[in-house]
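Pasted below: query_30.cif, mmCIF, C-alpha atoms.
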data_work
loop_
_atom_site.group_PDB
_atom_site.id
_atom_site.type_symbol
_atom_site.label_atom_id
_atom_site.label_comp_id
_atom_site.auth_asym_id
_atom_site.auth_seq_id
_atom_site.Cartn_x
_atom_site.Cartn_y
_atom_site.Cartn_z
ATOM 1 C CA MET A 1 26.371 6.024 -15.997
ATOM 2 C CA ARG A 2 25.618 5.629 -19.701
ATOM 3 C CA SER A 3 22.621 7.457 -20.994
ATOM 4 C CA PRO A 4 19.942 5.825 -23.154
ATOM 5 C CA PHE A 5 18.978 9.269 -24.431
ATOM 6 C CA LYS A 6 19.690 10.393 -27.994
ATOM 7 C CA PRO A 7 20.499 14.102 -28.103
ATOM 8 C CA LEU A 8 18.003 16.085 -30.196
ATOM 9 C CA ALA A 9 18.608 19.662 -29.216
ATOM 10 C CA VAL A 10 21.249 21.867 -27.647
ATOM 11 C CA LEU A 11 20.062 24.074 -24.821
ATOM 12 C CA ALA A 12 21.836 27.166 -23.561
ATOM 13 C CA LEU A 13 21.274 27.290 -19.819
ATOM 14 C CA PHE A 14 21.748 30.406 -17.709
ATOM 15 C CA ALA A 15 21.438 30.887 -13.982
ATOM 16 C CA LEU A 16 22.349 34.211 -12.474
ATOM 17 C CA ALA A 17 25.530 35.231 -14.311
ATOM 18 C CA ALA A 18 26.909 31.778 -15.092
ATOM 19 C CA PRO A 19 26.307 30.394 -18.630
ATOM 20 C CA LEU A 20 26.190 26.655 -19.183
ATOM 21 C CA THR A 21 25.687 24.622 -22.356
ATOM 22 C CA ALA A 22 24.103 21.172 -22.283
ATOM 23 C CA THR A 23 22.737 18.707 -24.802
ATOM 24 C CA ALA A 24 19.187 17.591 -24.059
ATOM 25 C CA ASP A 25 16.635 15.251 -25.575
ATOM 26 C CA ALA A 26 13.378 17.053 -26.288
ATOM 27 C CA THR A 27 11.331 14.056 -25.132
ATOM 28 C CA PRO A 28 13.430 11.352 -23.404
ATOM 29 C CA PRO A 29 11.664 8.310 -21.990
ATOM 30 C CA LEU A 30 10.868 8.845 -18.335
ATOM 31 C CA PRO A 31 10.297 6.354 -15.512
ATOM 32 C CA GLU A 32 6.799 5.789 -14.179
ATOM 33 C CA ARG A 33 7.919 6.755 -10.695
ATOM 34 C CA LEU A 34 11.074 8.486 -9.543
ATOM 35 C CA TYR A 35 11.920 5.957 -6.847
ATOM 36 C CA THR A 36 11.969 2.995 -9.261
ATOM 37 C CA VAL A 37 15.216 4.177 -10.887
ATOM 38 C CA PRO A 38 18.450 5.843 -9.762
ATOM 39 C CA ALA A 39 17.597 9.356 -8.621
ATOM 40 C CA ILE A 40 20.352 11.092 -10.552
ATOM 41 C CA ALA A 41 22.055 10.643 -13.898
ATOM 42 C CA THR A 42 24.522 12.578 -16.053
ATOM 43 C CA PRO A 43 23.244 11.849 -19.576
ATOM 44 C CA TYR A 44 24.472 15.099 -21.107
ATOM 45 C CA LYS A 45 27.882 15.927 -19.651
ATOM 46 C CA PRO A 46 29.734 14.519 -16.622
ATOM 47 C CA ASP A 47 29.502 17.882 -14.845
ATOM 48 C CA ILE A 48 25.739 18.358 -15.374
ATOM 49 C CA ALA A 49 23.298 16.385 -13.214
ATOM 50 C CA TYR A 50 19.857 15.408 -14.503
ATOM 51 C CA ILE A 51 17.017 14.326 -12.243
ATOM 52 C CA SER A 52 13.413 13.582 -13.206
ATOM 53 C CA ILE A 53 10.646 14.133 -10.662
ATOM 54 C CA ASP A 54 7.397 12.720 -11.986
ATOM 55 C CA HIS A 55 5.150 13.319 -8.978
ATOM 56 C CA PHE A 56 4.711 15.245 -5.744
ATOM 57 C CA GLU A 57 2.194 12.722 -4.429
ATOM 58 C CA SER A 58 4.378 11.554 -1.559
ATOM 59 C CA GLU A 59 7.531 12.383 0.352
ATOM 60 C CA GLU A 60 9.443 9.912 -1.833
ATOM 61 C CA SER A 61 10.140 12.672 -4.366
ATOM 62 C CA VAL A 62 11.822 14.770 -1.673
ATOM 63 C CA LYS A 63 13.712 11.822 -0.176
ATOM 64 C CA MET A 64 15.191 10.811 -3.527
ATOM 65 C CA PHE A 65 16.272 14.380 -4.243
ATOM 66 C CA GLU A 66 17.888 14.642 -0.831
ATOM 67 C CA LEU A 67 19.668 11.332 -1.351
ATOM 68 C CA ALA A 68 21.054 12.735 -4.593
ATOM 69 C CA MET A 69 22.264 16.014 -3.021
ATOM 70 C CA PRO A 70 25.814 14.808 -2.246
ATOM 71 C CA GLU A 71 26.277 14.080 -5.955
ATOM 72 C CA ILE A 72 24.458 17.234 -7.077
ATOM 73 C CA LEU A 73 26.788 19.364 -4.957
ATOM 74 C CA LYS A 74 29.736 18.009 -6.969
ATOM 75 C CA VAL A 75 28.510 19.093 -10.398
ATOM 76 C CA LYS A 76 28.469 22.460 -12.137
ATOM 77 C CA GLY A 77 24.885 22.449 -13.371
ATOM 78 C CA LEU A 78 21.546 20.812 -12.584
ATOM 79 C CA VAL A 79 18.570 19.919 -14.808
ATOM 80 C CA ILE A 80 15.255 19.145 -13.028
ATOM 81 C CA ASP A 81 12.671 17.491 -15.266
ATOM 82 C CA VAL A 82 8.990 17.873 -14.300
ATOM 83 C CA ARG A 83 7.545 17.434 -17.805
ATOM 84 C CA ARG A 84 5.472 14.432 -16.746
ATOM 85 C CA ASN A 85 4.759 15.489 -13.195
ATOM 86 C CA GLY A 86 1.013 15.441 -12.549
ATOM 87 C CA GLY A 87 1.304 17.158 -9.164
ATOM 88 C CA GLY A 88 0.415 16.212 -5.611
ATOM 89 C CA SER A 89 1.393 18.400 -2.660
ATOM 90 C CA SER A 90 3.004 21.772 -3.331
ATOM 91 C CA ASP A 91 4.940 21.472 -0.056
ATOM 92 C CA PHE A 92 7.100 18.704 -1.513
ATOM 93 C CA GLY A 93 8.104 20.956 -4.397
ATOM 94 C CA LEU A 94 8.987 23.801 -2.045
ATOM 95 C CA ARG A 95 11.112 21.444 0.043
ATOM 96 C CA ILE A 96 13.098 20.519 -3.060
ATOM 97 C CA LEU A 97 13.542 24.168 -4.053
ATOM 98 C CA SER A 98 14.875 24.930 -0.582
ATOM 99 C CA TRP A 99 18.027 23.010 -1.570
ATOM 100 C CA LEU A 100 18.689 25.587 -4.305
ATOM 101 C CA SER A 101 18.629 28.817 -2.287
ATOM 102 C CA ARG A 102 18.913 30.212 1.236
ATOM 103 C CA ARG A 103 16.282 32.882 0.585
ATOM 104 C CA PRO A 104 12.586 32.494 1.482
ATOM 105 C CA ILE A 105 10.723 30.855 -1.410
ATOM 106 C CA VAL A 106 7.615 32.713 -2.533
ATOM 107 C CA SER A 107 5.005 30.865 -4.562
ATOM 108 C CA ALA A 108 1.643 31.756 -6.091
ATOM 109 C CA ALA A 109 -0.836 34.003 -4.296
ATOM 110 C CA SER A 110 -3.931 32.028 -3.267
ATOM 111 C CA TYR A 111 -7.563 33.058 -2.839
ATOM 112 C CA ARG A 112 -10.589 31.201 -1.529
ATOM 113 C CA ARG A 113 -14.108 31.555 -2.867
ATOM 114 C CA ASP A 114 -16.637 32.956 -0.392
ATOM 115 C CA ASP A 115 -20.349 32.524 -1.091
ATOM 116 C CA ASN A 116 -22.835 34.814 0.640
ATOM 117 C CA ALA A 117 -26.449 33.652 0.341
ATOM 118 C CA VAL A 118 -27.749 36.748 2.143
ATOM 119 C CA SER A 119 -26.067 39.026 -0.414
ATOM 120 C CA ARG A 120 -27.537 36.901 -3.155
ATOM 121 C CA ALA A 121 -31.003 37.297 -1.673
ATOM 122 C CA HIS A 122 -30.493 41.083 -1.708
ATOM 123 C CA ALA A 123 -29.430 40.952 -5.363
ATOM 124 C CA SER A 124 -25.904 41.950 -4.334
ATOM 125 C CA ARG A 125 -22.595 40.300 -5.065
ATOM 126 C CA ALA A 126 -22.913 36.692 -3.996
ATOM 127 C CA VAL A 127 -19.369 35.460 -4.646
ATOM 128 C CA SER A 128 -16.078 37.044 -3.632
ATOM 129 C CA TRP A 129 -12.463 35.916 -3.515
ATOM 130 C CA ALA A 130 -10.709 36.333 -0.177
ATOM 131 C CA PRO A 131 -6.905 36.075 0.032
ATOM 132 C CA LEU A 132 -5.517 33.180 2.033
ATOM 133 C CA ALA A 133 -3.030 34.102 4.725
ATOM 134 C CA SER A 134 0.563 34.322 3.539
ATOM 135 C CA ASP A 135 3.436 33.327 5.816
ATOM 136 C CA GLY A 136 6.105 35.275 3.948
ATOM 137 C CA GLY A 137 7.522 32.339 2.032
ATOM 138 C CA TYR A 138 8.962 28.883 2.642
ATOM 139 C CA THR A 139 12.048 29.239 4.814
ATOM 140 C CA GLU A 140 13.529 25.790 5.460
ATOM 141 C CA GLN A 141 17.327 26.077 5.740
ATOM 142 C CA HIS A 142 20.071 23.567 4.925
ATOM 143 C CA LYS A 143 23.744 23.507 5.802
ATOM 144 C CA GLU A 144 24.633 23.253 2.115
ATOM 145 C CA VAL A 145 22.668 24.302 -0.955
ATOM 146 C CA PHE A 146 23.405 23.970 -4.655
ATOM 147 C CA ASN A 147 24.567 27.319 -6.048
ATOM 148 C CA GLY A 148 25.289 26.332 -9.649
ATOM 149 C CA PRO A 149 23.140 26.975 -12.742
ATOM 150 C CA VAL A 150 19.735 25.264 -12.755
ATOM 151 C CA ALA A 151 17.243 24.551 -15.525
ATOM 152 C CA VAL A 152 13.703 23.206 -15.078
ATOM 153 C CA LEU A 153 12.131 21.264 -17.948
ATOM 154 C CA ILE A 154 8.348 21.644 -18.303
ATOM 155 C CA GLY A 155 5.610 20.656 -20.745
ATOM 156 C CA PRO A 156 1.853 20.216 -21.264
ATOM 157 C CA GLN A 157 1.855 17.267 -18.835
ATOM 158 C CA THR A 158 3.174 19.457 -16.012
ATOM 159 C CA PHE A 159 0.144 19.972 -13.785
ATOM 160 C CA SER A 160 -1.070 21.167 -10.398
ATOM 161 C CA ALA A 161 1.633 21.109 -7.705
ATOM 162 C CA ALA A 162 4.285 20.794 -10.421
ATOM 163 C CA GLU A 163 3.022 24.112 -11.792
ATOM 164 C CA ASP A 164 3.263 25.618 -8.315
ATOM 165 C CA PHE A 165 6.841 24.321 -8.270
ATOM 166 C CA THR A 166 7.523 25.992 -11.621
ATOM 167 C CA VAL A 167 5.937 29.290 -10.518
ATOM 168 C CA ALA A 168 8.042 29.334 -7.339
ATOM 169 C CA PHE A 169 11.190 28.533 -9.343
ATOM 170 C CA ARG A 170 10.401 31.388 -11.715
ATOM 171 C CA LEU A 171 9.866 33.827 -8.825
ATOM 172 C CA MET A 172 13.200 32.750 -7.320
ATOM 173 C CA LYS A 173 14.943 33.851 -10.549
ATOM 174 C CA ARG A 174 17.187 30.911 -9.869
ATOM 175 C CA GLY A 175 17.606 29.692 -13.451
ATOM 176 C CA VAL A 176 15.852 29.042 -16.740
ATOM 177 C CA ILE A 177 12.666 27.193 -17.605
ATOM 178 C CA VAL A 178 12.791 25.145 -20.798
ATOM 179 C CA GLY A 179 9.959 23.535 -22.754
ATOM 180 C CA GLU A 180 6.337 24.151 -23.665
ATOM 181 C CA ALA A 181 3.702 25.800 -21.485
ATOM 182 C CA THR A 182 2.453 23.793 -18.515
ATOM 183 C CA GLY A 183 -1.072 22.364 -18.373
ATOM 184 C CA GLY A 184 -2.551 25.481 -16.779
ATOM 185 C CA SER A 185 -4.489 23.822 -13.976
ATOM 186 C CA THR A 186 -3.715 24.149 -10.310
ATOM 187 C CA GLY A 187 -5.468 24.912 -7.039
ATOM 188 C CA GLN A 188 -6.757 22.823 -4.153
ATOM 189 C CA PRO A 189 -9.183 20.147 -5.440
ATOM 190 C CA LEU A 190 -12.289 19.084 -3.525
ATOM 191 C CA PHE A 191 -13.114 15.405 -4.084
ATOM 192 C CA PHE A 192 -16.666 14.117 -3.906
ATOM 193 C CA ALA A 193 -18.614 11.005 -4.889
ATOM 194 C CA LEU A 194 -21.067 10.995 -7.795
ATOM 195 C CA PRO A 195 -24.528 9.371 -7.740
ATOM 196 C CA GLY A 196 -24.373 5.897 -9.211
ATOM 197 C CA GLY A 197 -20.639 5.535 -8.672
ATOM 198 C CA GLY A 198 -17.497 7.349 -9.677
ATOM 199 C CA ASN A 199 -16.100 10.553 -8.265
ATOM 200 C CA ALA A 200 -15.168 14.042 -9.314
ATOM 201 C CA ARG A 201 -13.213 17.015 -8.088
ATOM 202 C CA ILE A 202 -13.530 20.768 -8.401
ATOM 203 C CA CYS A 203 -11.047 23.520 -7.666
ATOM 204 C CA VAL A 204 -11.805 25.418 -4.458
ATOM 205 C CA LYS A 205 -8.790 27.740 -4.519
ATOM 206 C CA ARG A 206 -7.662 30.334 -7.037
ATOM 207 C CA ASP A 207 -3.931 30.716 -7.655
ATOM 208 C CA VAL A 208 -2.265 33.620 -9.471
ATOM 209 C CA TYR A 209 1.169 35.193 -9.631
ATOM 210 C CA PRO A 210 1.805 37.608 -6.738
ATOM 211 C CA ASP A 211 1.191 40.533 -9.109
ATOM 212 C CA GLY A 212 -2.207 39.113 -10.087
ATOM 213 C CA SER A 213 -1.160 37.712 -13.474
ATOM 214 C CA LEU A 214 -2.884 34.491 -14.484
ATOM 215 C CA PHE A 215 -1.322 31.130 -15.232
ATOM 216 C CA VAL A 216 -4.330 28.877 -14.600
ATOM 217 C CA GLY A 217 -5.917 28.183 -17.963
ATOM 218 C CA LYS A 218 -2.839 29.554 -19.732
ATOM 219 C CA GLY A 219 0.106 27.577 -18.436
ATOM 220 C CA VAL A 220 3.394 28.808 -17.033
ATOM 221 C CA LEU A 221 5.499 30.720 -19.539
ATOM 222 C CA SER A 222 8.107 32.849 -17.822
ATOM 223 C CA LEU A 223 9.831 35.011 -20.382
ATOM 224 C CA PRO A 224 12.566 36.167 -20.339
ATOM 225 C CA TYR A 225 13.585 33.137 -18.274
ATOM 226 C CA HIS A 226 11.755 30.642 -20.489
ATOM 227 C CA TYR A 227 13.068 28.929 -23.612
ATOM 228 C CA VAL A 228 10.368 27.289 -25.711
ATOM 229 C CA ILE A 229 11.311 23.913 -27.197
ATOM 230 C CA ARG A 230 8.343 22.199 -28.777
ATOM 231 C CA ARG A 231 7.873 18.493 -29.185
ATOM 232 C CA ILE A 232 8.691 17.155 -32.633
ATOM 233 C CA PRO A 233 7.330 14.045 -34.431
ATOM 234 C CA HIS A 234 10.586 12.137 -34.004
ATOM 235 C CA GLY A 235 10.622 12.770 -30.264
ATOM 236 C CA LEU A 236 6.968 11.763 -29.878
ATOM 237 C CA SER A 237 7.435 8.531 -31.830
ATOM 238 C CA ALA A 238 10.429 7.684 -29.678
ATOM 239 C CA GLY A 239 8.334 8.015 -26.509
#

Conversion result in structure tokens:
Amino acid sequence: MRSPFKPLAVLALFALAAPLTATADATPPLPERLYTVPAIATPYKPDIAYISIDHFESEESVKMFELAMPEILKVKGLVIDVRRNGGGSSDFGLRILSWLSRRPIVSAASYRRDDNAVSRAHASRAVSWAPLASDGGYTEQHKEVFNGPVAVLIGPQTFSAAEDFTVAFRLMKRGVIVGEATGGSTGQPLFFALPGGGNARICVKRDVYPDGSLFVGKGVLSLPYHYVIRRIPHGLSAG
């Protein structure tokens, strides 16, 4: 298929020991929803597949990726674009990553906030963070998985479950991450109505890297597996 993208930058992609060179647009126009357009394209080179996933709000993101797998298995390299993915359910991201490896997929470590009114009354510590149970990683298996080089494109509009996806991809050491830091906000939101109309949400779960390092409030930057490519005025004006 012909690409509408105009190449702006050349990216060197590495996954495991296999180098791969591809031409990528720093800010190509993206569809509003993945399932409104063909799930896979080859805008850079015929042997490199590109797929944009702009949400994890429903199973459609997983279904479209799975539909594209027969074509992905034929190419040498894969680019997954989550630069405009606002999140949804982290499980959908893990299901997609399961097509890239046979190993258990470990994601962020999660903690819940515990409030203790009795401790507060005794002038003791009133708030603590208790770890949520870990199941040892996501372990869904497939008959075939893609073993070629992979790059994930991220940016400031990568939020929530898409950041969990990026963290898990980083921990897999499955390929490179390219772009600017993610939005830096993730964790289970609690929705509630506001007096007089409207609604709001607050985070009720704290997520960190397994070693305790922070990415909430900072964004995901995974050196040495991260290549920073910043947006430029020409790319922004082009959409």

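This file, queried with the PyMOL selection byres ((chain A and resi 67-80) around 6), gives the residues Asp47, Ile48, Ala49, Tyr50, Ile51, Ser52, Met64, Phe65, Glu66, Asp81, Phe146, Gly148, Pro149, Val150, Ala151 and Val152 of chain A.
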
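Separating CA of Ser110 in chain A from CA of Ala130 in chain A is a distance of 8.6 Å.
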
Check your understanding: Leaving out Ile202 in chain A and any residue of its chain fewer than 5 positions from it, which residues lie within 7 Å of it when counting all atoms listed in the file, given as a VMD selection string?
Key -> chain A and resid 189 to 191

Rows by chain and residue number, range 52-103 of chain A within 7 Å of range 164-188 of chain A, shortest pair, only C-alpha atoms, as JSON lines:
{"residue": "A:Ser90", "atom": "CA", "partner": "A:Asp164", "partner_atom": "CA", "distance": 6.3}
{"residue": "A:Gly93", "atom": "CA", "partner": "A:Phe165", "partner_atom": "CA", "distance": 5.3}
{"residue": "A:Leu94", "atom": "CA", "partner": "A:Phe165", "partner_atom": "CA", "distance": 6.6}

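With distances restricted to all atoms listed in the file, A:Ile96 is the closest residue to His142 in chain A from A:Leu221, A:Ile96, A:Val208, A:Leu194.
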
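One finds CA of Pro131 in chain A at 11.6 Å from CA of Gly212 in chain A.
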
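Taking CA of Asn85 in chain A and CA of Asn147 in chain A as the two end points, the separation is 24.2 Å.
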
**Study point:** Selection result for the PyMOL selection byres ((chain A and resi 101) around 9) on this file, as a PyMOL selection string
**Key:** chain A and resi 97-100+102-105+141+145-147+172+174

Point to revise | Expansion of the PyMOL selection byres ((chain A and resi 83) around 8) into residues, as a PyMOL selection string | key: chain A and resi 54+81-82+84-85+153-158
